[in-house]
file final.txt (compact mmCIF, C-alpha atoms)
# COMPACT_ATOMS: atom_id res chain seq x y z
CA MET A 1466 370.23 217.32 83.91
CA GLY A 1467 373.40 216.07 82.21
CA GLN A 1468 372.85 212.65 83.69
CA SER A 1469 369.29 212.38 82.44
CA LYS A 1470 370.55 213.16 78.94
CA THR A 1471 372.99 210.27 78.96
CA SER A 1472 370.31 207.96 80.25
CA SER A 1473 367.95 209.03 77.46
CA GLU A 1474 370.75 208.57 74.93
CA ARG A 1475 371.39 205.10 76.25
CA LEU A 1476 367.69 204.33 76.02
CA ALA A 1477 367.69 205.52 72.41
CA SER A 1478 370.52 203.15 71.47
CA LEU A 1479 368.77 200.27 73.28
CA GLN A 1480 365.60 201.03 71.33
CA GLY A 1481 367.63 201.05 68.12
CA TRP A 1482 368.92 197.55 68.90
CA VAL A 1483 365.40 196.28 69.56
CA GLN A 1484 364.36 197.68 66.19
CA LYS A 1485 367.29 195.94 64.48
CA VAL A 1486 366.30 192.66 66.12
CA ALA A 1487 362.69 193.16 64.99
CA GLU A 1488 363.45 194.15 61.41
CA HIS A 1489 366.65 192.28 60.55
CA ARG A 1490 366.85 189.46 63.13
CA ASP A 1491 370.19 191.11 64.00
CA LYS A 1492 372.13 188.92 66.44
CA ALA A 1493 374.84 191.49 67.14
CA ALA A 1494 372.13 193.93 68.26
CA PHE A 1495 370.61 191.14 70.34
CA ALA A 1496 374.00 190.54 72.00
CA GLU A 1497 374.09 194.25 72.95
CA LEU A 1498 370.66 193.92 74.54
CA PHE A 1499 371.86 190.81 76.34
CA ASP A 1500 374.83 192.66 77.81
CA HIS A 1501 372.65 195.48 79.06
CA TYR A 1502 369.58 193.67 80.33
CA VAL A 1503 370.71 190.25 81.56
CA PRO A 1504 372.59 191.67 84.61
CA LEU A 1505 369.44 193.64 85.54
CA ILE A 1506 367.08 190.69 85.06
CA ARG A 1507 369.39 188.49 87.12
CA ALA A 1508 369.46 191.15 89.84
CA TYR A 1509 365.64 191.24 89.77
CA SER A 1510 365.51 187.47 90.22
CA LEU A 1511 368.16 187.49 92.97
CA ALA A 1512 366.19 190.18 94.84
CA ARG A 1513 363.47 187.58 95.39
CA GLU A 1514 365.70 184.51 95.81
CA PRO A 1515 369.13 185.78 96.85
CA ALA A 1516 371.12 182.55 96.52
CA ALA A 1517 369.37 181.10 93.48
CA ASP A 1518 371.90 181.76 90.74
CA LEU A 1519 370.50 179.12 88.38
CA VAL A 1520 366.97 180.47 88.76
CA ALA A 1521 368.35 183.90 87.87
CA ASP A 1522 369.99 182.50 84.74
CA GLU A 1523 366.81 180.70 83.77
CA LEU A 1524 364.69 183.83 84.19
CA ALA A 1525 367.17 185.97 82.25
CA GLN A 1526 367.25 183.44 79.43
CA GLU A 1527 363.46 183.24 79.27
CA VAL A 1528 363.11 187.03 79.15
CA MET A 1529 365.77 187.34 76.43
CA MET A 1530 363.98 184.70 74.34
CA ARG A 1531 360.77 186.67 74.61
CA ILE A 1532 362.58 189.83 73.56
CA TRP A 1533 363.84 188.00 70.48
CA LEU A 1534 360.36 186.70 69.61
CA LYS A 1535 358.34 189.77 70.52
CA ALA A 1536 360.67 192.56 69.40
CA SER A 1537 358.40 193.39 66.45
CA SER A 1538 355.40 193.87 68.75
CA TYR A 1539 357.25 196.39 70.93
CA ASP A 1540 356.04 199.93 70.24
CA PRO A 1541 358.11 202.73 71.83
CA LYS A 1542 355.03 204.96 71.64
CA LEU A 1543 353.11 202.66 74.00
CA ALA A 1544 355.71 201.95 76.64
CA ASN A 1545 359.21 202.91 77.65
CA LEU A 1546 361.62 200.10 76.71
CA ASN A 1547 362.77 199.57 80.31
CA THR A 1548 359.13 199.26 81.36
CA TRP A 1549 358.49 196.72 78.61
CA ILE A 1550 361.46 194.67 79.83
CA PHE A 1551 360.24 194.97 83.44
CA THR A 1552 356.81 193.61 82.48
CA LEU A 1553 358.41 190.73 80.55
CA ALA A 1554 360.60 189.88 83.56
CA ARG A 1555 357.60 190.08 85.89
CA ASN A 1556 355.50 187.87 83.60
CA CYS A 1557 358.30 185.29 83.38
CA ARG A 1558 358.61 185.32 87.16
CA ILE A 1559 354.86 184.70 87.49
CA ASP A 1560 355.12 181.78 85.03
CA TYR A 1561 358.09 180.35 86.86
CA LEU A 1562 356.36 180.56 90.25
CA ARG A 1563 353.19 178.99 88.85
CA ARG A 1564 355.09 176.05 87.36
CA ASN A 1565 357.01 175.48 90.57
CA SER A 1566 354.34 175.92 93.21
CA ARG A 1567 353.02 173.00 95.22
CA TYR A 1568 349.39 173.63 94.25
CA VAL A 1569 349.31 174.54 90.61
CA SER A 1570 346.82 177.20 89.63
CA GLU A 1571 344.51 176.29 86.74
CA ILE A 1572 344.75 179.86 85.52
CA ASP A 1573 347.11 180.65 82.66
CA PRO A 1574 348.55 184.10 83.38
CA THR A 1575 349.54 184.85 79.77
CA GLU A 1576 346.47 186.81 78.72
CA ILE A 1577 346.03 188.34 82.15
CA PHE A 1578 349.17 190.41 82.06
CA GLU A 1579 349.81 190.94 78.40
CA ASN A 1580 348.39 193.44 75.99
CA ILE A 1581 346.16 195.33 78.34
CA GLU A 1582 347.57 198.62 77.05
CA ASP A 1583 345.18 200.72 75.01
CA GLU A 1584 345.61 201.06 71.27
CA SER A 1585 347.59 204.03 70.07
CA PRO A 1586 347.93 207.04 72.37
CA GLY A 1587 347.49 210.61 71.11
CA PRO A 1588 350.31 213.21 71.28
CA PHE A 1589 348.93 214.62 74.51
CA GLN A 1590 349.05 211.22 76.20
CA LEU A 1591 352.59 210.68 74.96
CA VAL A 1592 353.81 213.91 76.54
CA HIS A 1593 351.89 213.05 79.69
CA GLN A 1594 353.38 209.56 79.76
CA THR A 1595 356.96 210.81 79.42
CA ARG A 1596 356.43 213.45 82.08
CA ALA A 1597 354.90 210.87 84.44
CA GLN A 1598 357.94 208.65 84.04
CA ASP A 1599 360.37 211.54 84.61
CA ASN A 1600 358.46 212.40 87.78
CA ILE A 1601 358.71 208.86 89.06
CA ARG A 1602 362.45 208.70 88.35
CA SER A 1603 363.36 212.02 89.94
CA ARG A 1604 361.15 211.60 93.01
CA LEU A 1605 362.04 208.02 93.75
CA ASP A 1606 365.42 209.05 95.18
CA LYS A 1607 363.77 211.54 97.54
CA LEU A 1608 361.30 209.06 98.97
CA PRO A 1609 361.57 208.49 102.75
CA ALA A 1610 363.50 205.27 103.42
CA ALA A 1611 360.52 203.61 105.13
CA GLN A 1612 358.39 204.04 102.00
CA ALA A 1613 361.15 203.05 99.55
CA GLU A 1614 361.81 199.88 101.54
CA ILE A 1615 358.19 198.78 101.21
CA LEU A 1616 358.09 199.47 97.46
CA SER A 1617 361.23 197.41 97.04
CA LYS A 1618 359.76 194.50 99.03
CA VAL A 1619 356.59 194.58 96.96
CA TYR A 1620 358.08 195.06 93.49
CA LEU A 1621 361.49 193.44 93.65
CA GLN A 1622 361.22 190.81 96.36
CA GLY A 1623 357.70 189.98 95.16
CA LYS A 1624 356.12 190.08 98.62
CA SER A 1625 352.41 190.54 99.17
CA HIS A 1626 351.35 193.46 101.36
CA GLN A 1627 350.55 190.88 104.06
CA GLN A 1628 354.03 189.30 103.90
CA THR A 1629 355.60 192.76 103.92
CA SER A 1630 353.68 193.63 107.06
CA GLU A 1631 354.79 190.41 108.76
CA GLU A 1632 358.46 190.84 107.82
CA LEU A 1633 358.64 194.47 108.88
CA LYS A 1634 356.47 193.83 111.97
CA LEU A 1635 354.14 196.62 110.94
CA PRO A 1636 350.35 196.58 110.92
CA LEU A 1637 348.92 195.82 107.46
CA GLY A 1638 347.18 199.19 107.47
CA THR A 1639 350.53 200.96 107.94
CA VAL A 1640 352.05 199.09 104.99
CA LYS A 1641 349.09 200.00 102.80
CA SER A 1642 349.12 203.64 103.81
CA ARG A 1643 352.88 203.94 103.20
CA VAL A 1644 352.44 202.50 99.71
CA ARG A 1645 349.62 204.94 99.14
CA LEU A 1646 351.70 207.90 100.35
CA ALA A 1647 354.62 206.87 98.15
CA LEU A 1648 352.35 206.54 95.09
CA LYS A 1649 350.95 210.00 95.77
CA LYS A 1650 354.42 211.55 95.97
CA LEU A 1651 355.44 209.83 92.76
CA GLU A 1652 352.18 210.96 91.12
CA VAL A 1653 351.36 207.42 90.11
CA LEU A 1654 347.72 207.71 91.12
CA VAL A 1655 345.74 209.51 88.46
CA THR A 1656 342.47 210.08 90.25
CA ARG A 1657 342.68 209.33 93.93
CA MET B 1157 331.91 206.95 97.48
CA ASN B 1158 330.26 205.05 94.67
CA LYS B 1159 333.22 205.79 92.40
CA SER B 1160 335.75 204.10 94.63
CA THR B 1161 333.71 200.90 94.76
CA ILE B 1162 333.80 200.27 91.01
CA HIS B 1163 337.61 200.32 90.69
CA PRO B 1164 340.12 198.05 92.42
CA ASP B 1165 341.94 200.06 95.12
CA GLU B 1166 345.62 200.98 94.84
CA THR B 1167 346.68 198.05 97.03
CA LEU B 1168 345.24 195.61 94.49
CA LEU B 1169 346.57 197.52 91.49
CA THR B 1170 350.05 197.69 93.01
CA ALA B 1171 350.10 193.97 93.76
CA TYR B 1172 348.82 193.29 90.23
CA SER B 1173 351.58 195.41 88.69
CA ALA B 1174 354.23 193.86 90.95
CA GLY B 1175 353.02 190.37 90.04
CA SER B 1176 352.31 189.21 93.60
CA LEU B 1177 348.51 188.93 93.37
CA PRO B 1178 346.92 185.44 93.34
CA LEU B 1179 346.05 184.71 89.69
CA SER B 1180 342.30 184.50 90.37
CA GLN B 1181 342.34 188.07 91.67
CA ALA B 1182 344.63 189.19 88.85
CA LEU B 1183 342.04 187.74 86.45
CA CYS B 1184 339.38 190.05 87.91
CA ILE B 1185 341.68 193.07 87.75
CA SER B 1186 342.49 192.29 84.13
CA ALA B 1187 338.79 191.89 83.19
CA HIS B 1188 338.08 195.28 84.78
CA VAL B 1189 341.12 197.10 83.39
CA GLU B 1190 340.24 196.09 79.84
CA HIS B 1191 337.17 198.36 80.14
CA CYS B 1192 338.69 201.07 82.32
CA PRO B 1193 340.96 203.76 80.79
CA THR B 1194 341.64 205.22 84.25
CA CYS B 1195 343.04 201.99 85.64
CA GLN B 1196 344.95 201.36 82.38
CA GLN B 1197 346.70 204.67 82.97
CA GLU B 1198 347.46 203.86 86.60
CA ILE B 1199 348.82 200.44 85.71
CA LYS B 1200 351.10 202.05 83.13
CA HIS B 1201 352.45 204.34 85.84
CA LEU B 1202 352.79 201.46 88.29
CA ASN B 1203 354.70 199.44 85.68
CA ASP B 1204 356.96 202.46 85.13
CA LEU B 1205 357.56 202.49 88.87
CA GLY B 1206 358.48 198.79 88.84
CA SER B 1207 360.81 199.49 85.94
CA GLU B 1208 362.56 202.36 87.75
CA LEU B 1209 362.99 200.22 90.88
CA MET B 1210 364.50 197.49 88.73
CA GLN B 1211 366.98 199.98 87.18
CA GLN B 1212 368.23 200.83 90.66
CA LEU B 1213 369.31 197.26 91.40
CA LYS B 1214 372.99 196.39 91.41
CA PRO B 1215 373.54 194.53 88.11
CA SER B 1216 374.62 190.90 88.40
CA PRO B 1217 376.41 189.87 85.17
CA GLY B 1218 375.60 186.49 83.65
CA SER B 1219 378.23 184.04 82.42
CA THR B 1220 379.56 184.14 78.85
CA ASP B 1221 378.26 180.55 78.50
CA LEU B 1222 374.73 181.78 78.99
CA LYS B 1223 375.12 184.26 76.17
CA ALA B 1224 376.65 181.74 73.78
CA GLN B 1225 373.95 179.16 74.53
CA LEU B 1226 371.20 181.63 73.91
CA LEU B 1227 372.66 183.03 70.68
CA ALA B 1228 372.94 179.47 69.38
CA ARG B 1229 369.23 178.84 70.04
CA LEU B 1230 367.78 181.89 68.32
CA ASP B 1231 367.22 180.37 64.88
CA SER B 1232 365.39 177.33 66.23
CA LEU B 1233 363.24 179.65 68.37
CA ASP B 1234 361.96 181.36 65.23
CA GLU B 1235 361.07 178.02 63.65
CA THR B 1236 358.95 176.76 66.52
CA HIS B 1237 357.24 180.04 67.29
CA GLU B 1238 353.51 180.06 66.56
CA ALA B 1239 351.69 183.11 65.34
CA PRO B 1240 349.03 184.36 67.77
CA THR B 1241 345.54 183.10 66.98
CA ARG B 1242 342.58 185.30 66.21
CA ILE B 1243 340.34 186.18 69.09
CA ASP B 1244 336.68 186.76 69.89
CA LYS B 1245 336.41 190.41 70.86
CA THR B 1246 333.04 190.07 72.58
CA ILE B 1247 334.68 188.16 75.41
CA SER B 1248 337.23 189.56 77.84
CA ARG B 1249 340.70 188.72 76.64
CA CYS B 1250 341.77 187.17 79.91
CA LEU B 1251 338.77 184.80 79.79
CA HIS B 1252 339.47 183.31 76.35
CA GLN B 1253 341.33 180.49 78.04
CA PHE B 1254 338.01 179.35 79.58
CA ILE B 1255 335.42 180.47 77.04
CA LYS B 1256 336.11 179.18 73.55
CA ASN B 1257 332.65 179.35 71.95
CA GLY B 1258 330.75 182.20 73.56
CA TYR B 1259 328.83 182.36 76.82
CA GLN B 1260 325.88 180.33 75.48
CA ASN B 1261 327.83 177.11 75.02
CA LEU B 1262 329.20 176.88 78.55
CA ALA B 1263 327.93 174.14 80.87
CA TRP B 1264 325.62 176.39 82.90
CA LYS B 1265 324.06 174.90 86.03
CA ARG B 1266 320.84 176.14 87.57
CA VAL B 1267 321.39 177.60 91.05
CA SER B 1268 317.94 179.14 91.50
CA PRO B 1269 315.07 180.12 89.17
CA ASP B 1270 316.90 183.38 88.46
CA ILE B 1271 320.53 182.31 88.46
CA HIS B 1272 322.79 179.97 86.55
CA SER B 1273 326.46 179.48 87.22
CA VAL B 1274 329.43 177.72 85.70
CA GLU B 1275 332.70 177.04 87.47
CA LEU B 1276 335.68 177.99 85.30
CA CYS B 1277 338.52 176.79 87.50
CA ARG B 1278 340.23 176.85 90.88
CA ASP B 1279 343.23 178.92 91.83
CA SER B 1280 346.17 177.42 93.75
CA ASN B 1281 344.88 179.10 96.93
CA GLY B 1282 341.56 177.23 96.56
CA ALA B 1283 339.60 180.25 95.35
CA LYS B 1284 336.73 179.38 93.05
CA VAL B 1285 336.45 181.20 89.73
CA GLU B 1286 332.99 181.13 88.18
CA LEU B 1287 330.58 182.97 85.96
CA LEU B 1288 327.14 183.91 87.26
CA ARG B 1289 324.24 184.63 84.97
CA ILE B 1290 321.23 186.41 86.40
CA LYS B 1291 318.09 186.73 84.27
CA PRO B 1292 316.62 190.22 83.66
CA GLY B 1293 315.17 191.52 86.91
CA GLY B 1294 316.29 188.35 88.67
CA ALA B 1295 317.59 188.40 92.23
CA ALA B 1296 320.32 186.47 93.95
CA THR B 1297 319.62 184.99 97.36
CA THR B 1298 320.73 187.25 100.19
CA HIS B 1299 324.16 186.08 101.22
CA THR B 1300 327.33 186.95 103.08
CA HIS B 1301 330.78 185.48 102.52
CA LEU B 1302 333.22 183.68 104.73
CA GLY B 1303 336.02 185.08 102.59
CA ASP B 1304 336.38 187.91 100.08
CA GLU B 1305 334.32 187.92 96.91
CA TYR B 1306 335.60 189.69 93.79
CA THR B 1307 333.06 190.46 91.08
CA VAL B 1308 333.44 192.03 87.64
CA ILE B 1309 330.38 192.71 85.51
CA LEU B 1310 330.93 191.33 82.03
CA GLU B 1311 327.49 191.96 80.51
CA GLY B 1312 324.39 193.85 81.67
CA SER B 1313 324.07 195.52 85.04
CA PHE B 1314 322.84 194.87 88.55
CA SER B 1315 322.08 196.78 91.69
CA ASP B 1316 322.30 196.00 95.37
CA GLU B 1317 321.91 197.93 98.61
CA SER B 1318 324.97 200.07 97.79
CA GLY B 1319 324.25 201.13 94.21
CA LEU B 1320 324.01 200.33 90.52
CA TYR B 1321 326.85 198.51 88.76
CA GLN B 1322 327.51 198.32 85.05
CA LYS B 1323 329.68 196.53 82.52
CA GLY B 1324 333.32 196.56 83.58
CA ASP B 1325 332.65 197.57 87.19
CA PHE B 1326 334.73 195.87 89.85
CA LEU B 1327 333.37 195.03 93.30
CA LEU B 1328 335.07 193.62 96.35
CA ARG B 1329 332.84 192.27 99.09
CA ASP B 1330 334.25 190.93 102.33
CA ALA B 1331 332.68 188.86 105.09
CA SER B 1332 331.07 191.90 106.70
CA HIS B 1333 328.85 192.58 103.69
CA GLN B 1334 325.42 191.05 103.45
CA HIS B 1335 323.98 191.81 100.08
CA ARG B 1336 321.29 190.86 97.59
CA PRO B 1337 322.19 191.73 93.99
CA VAL B 1338 319.30 192.23 91.55
CA ALA B 1339 319.83 192.31 87.77
CA THR B 1340 318.25 195.26 85.98
CA GLN B 1341 315.14 194.66 83.84
CA ASP B 1342 316.70 195.52 80.47
CA GLY B 1343 318.83 192.41 80.06
CA GLU B 1344 320.51 189.48 81.71
CA CYS B 1345 323.62 190.09 83.73
CA ILE B 1346 326.79 188.01 83.44
CA CYS B 1347 329.46 188.39 86.11
CA LEU B 1348 332.88 186.97 86.75
CA ALA B 1349 333.01 186.00 90.42
CA VAL B 1350 335.96 184.84 92.49
CA THR B 1351 335.18 183.60 96.00
CA GLU B 1352 337.90 182.85 98.48
CA GLY B 1353 335.65 180.95 100.86
CA PRO B 1354 332.16 179.46 100.66
CA ILE B 1355 329.16 181.79 100.39
CA GLN B 1356 326.83 181.84 103.41
CA PHE B 1357 323.14 182.07 102.62
CA THR B 1358 321.37 184.11 105.27
CA GLY B 1359 317.69 183.44 104.49
CA LEU B 1360 315.81 181.34 107.05
CA PHE B 1361 315.24 178.36 104.77
CA SER B 1362 318.44 178.54 102.78
CA ARG B 1363 320.53 178.47 105.95
CA LEU B 1364 319.79 174.76 105.89
CA LEU B 1365 321.73 174.60 102.64
CA ASN B 1366 324.93 175.96 104.15
CA PRO B 1367 326.43 172.66 105.33
CA LEU B 1368 325.87 171.19 101.84
CA ILE B 1369 327.41 174.16 100.11
CA ARG B 1370 330.38 174.33 102.38
CA ARG B 1371 331.19 170.74 101.58
CA SER B 1372 331.66 171.57 97.93
CA TYR B 1373 334.55 173.83 98.91
CA ALA B 1374 336.31 171.22 101.01

call {"tool": "encode", "arguments": {"input": "final.txt", "output": "structure tokens"}}
result
Amino acid sequence: MGQSKTSSERLASLQGWVQKVAEHRDKAAFAELFDHYVPLIRAYSLAREPAADLVADELAQEVMMRIWLKASSYDPKLANLNTWIFTLARNCRIDYLRRNSRYVSEIDPTEIFENIEDESPGPFQLVHQTRAQDNIRSRLDKLPAAQAEILSKVYLQGKSHQQTSEELKLPLGTVKSRVRLALKKLEVLVTR
Amino acid sequence: MNKSTIHPDETLLTAYSAGSLPLSQALCISAHVEHCPTCQQEIKHLNDLGSELMQQLKPSPGSTDLKAQLLARLDSLDETHEAPTRIDKTISRCLHQFIKNGYQNLAWKRVSPDIHSVELCRDSNGAKVELLRIKPGGAATTHTHLGDEYTVILEGSFSDESGLYQKGDFLLRDASHQHRPVATQDGECICLAVTEGPIQFTGLFSRLLNPLIRRSYA
């Protein structure tokens, strides 16, 4: 309980810095955001390419630039700040992989992953959203190791379900059903 | 049963949220999600999950050089940044990159008396991204697929052996399906279709077409 309070306090100060960047182009606030998020973004990049330190720097820099430019479009009522940063990092990773793949896709991912959130949620949805996130956080630690490992491969290492099944020498159906079980425990699935 | 066929399953949504889905498939998910509050909610939760997993990583601090370089660039970033352009709300957001002046002005090609199609692009995995336009009451030729086919209904509705599908519905058909979609009478139907391998026509006469069609995928 005490720990979750400090983490929500930290989130509140991070949100305050984003607001200062948005409203006052405040570079000191931006430097605070840099100190907090760059090590995480680099870790996210290194999870996929463990030795690629320069790639990690490049990704972190790209995400921080987007934070600077998009700070005014961030709405704490629509998404948790950490989630917003995660989606920026994911989108930058997708861009990076597209630019550096042997066969370049003709599809620009920008509009595919951005702004799909609905307009402005009502108070009920806000409460629901916060509760959903708390559930995910508190239950993630209790997930069986076999399920947590697969989620980490999919989300952090950026593996497809097929690649995950090959690396873990598990049938594809097993990988899919473990993801499904994990999502159920975390109450991520709304309807199924 | 019908309900589960009009949404992408959790495997696809998870891969979409994690960013590992081929872009042509992500395009279909995005076109569906824009019309589907349920999947919007699930994607929010899935993104929250990604975020929590990211928070659990062991932080890897960047160099002080990186910070100084970036701080020095911020002012010039503001100068070169373009404001977002206005958009046509009648067309799926993710398709604006291909459709600048409405559906009517695309270079539609006649496939059959009932169907026109226009190829939008190819993905890096070779998948073909196209729009199909079926006239009211018009039928597609019975066909199966060598690979998966992803379809999202953008306008109108159609039915096949398994049910009726409406605007925003998402369908995944694999090689085991043989189906014959028919547009409903009340209007034309426009679909986004992504095919991973060539379509196989199964009619007696049109089977002769298969070698020709396959070549266009080579």

call {"tool": "interface_residues", "arguments": {"input": "final.txt", "of": "chain B", "to": "chain A", "cutoff": "8 Å", "atoms": "all atoms listed in the file", "output": "count of residues only"}}
result
53

call {"tool": "closest_residue", "arguments": {"input": "final.txt", "among": "B:Leu1168, B:Cys1345, B:Ala1295, B:Cys1195", "to": "Ser1268 of chain B", "atoms": "all atoms listed in the file"}}
result
B:Ala1295

call {"tool": "atom_distance", "arguments": {"input": "final.txt", "atom1": "atom CA of Ala1536 of chain A", "atom2": "atom CA of Ser1478 of chain A"}}
result
14.6 Å

call {"tool": "atom_distance", "arguments": {"input": "final.txt", "atom1": "atom CA of Asp1304 of chain B", "atom2": "atom CA of Leu1169 of chain B"}}
result
16.4 Å

call {"tool": "atom_distance", "arguments": {"input": "final.txt", "atom1": "atom CA of Gly1481 of chain A", "atom2": "atom CA of Pro1541 of chain A"}}
result
10.4 Å
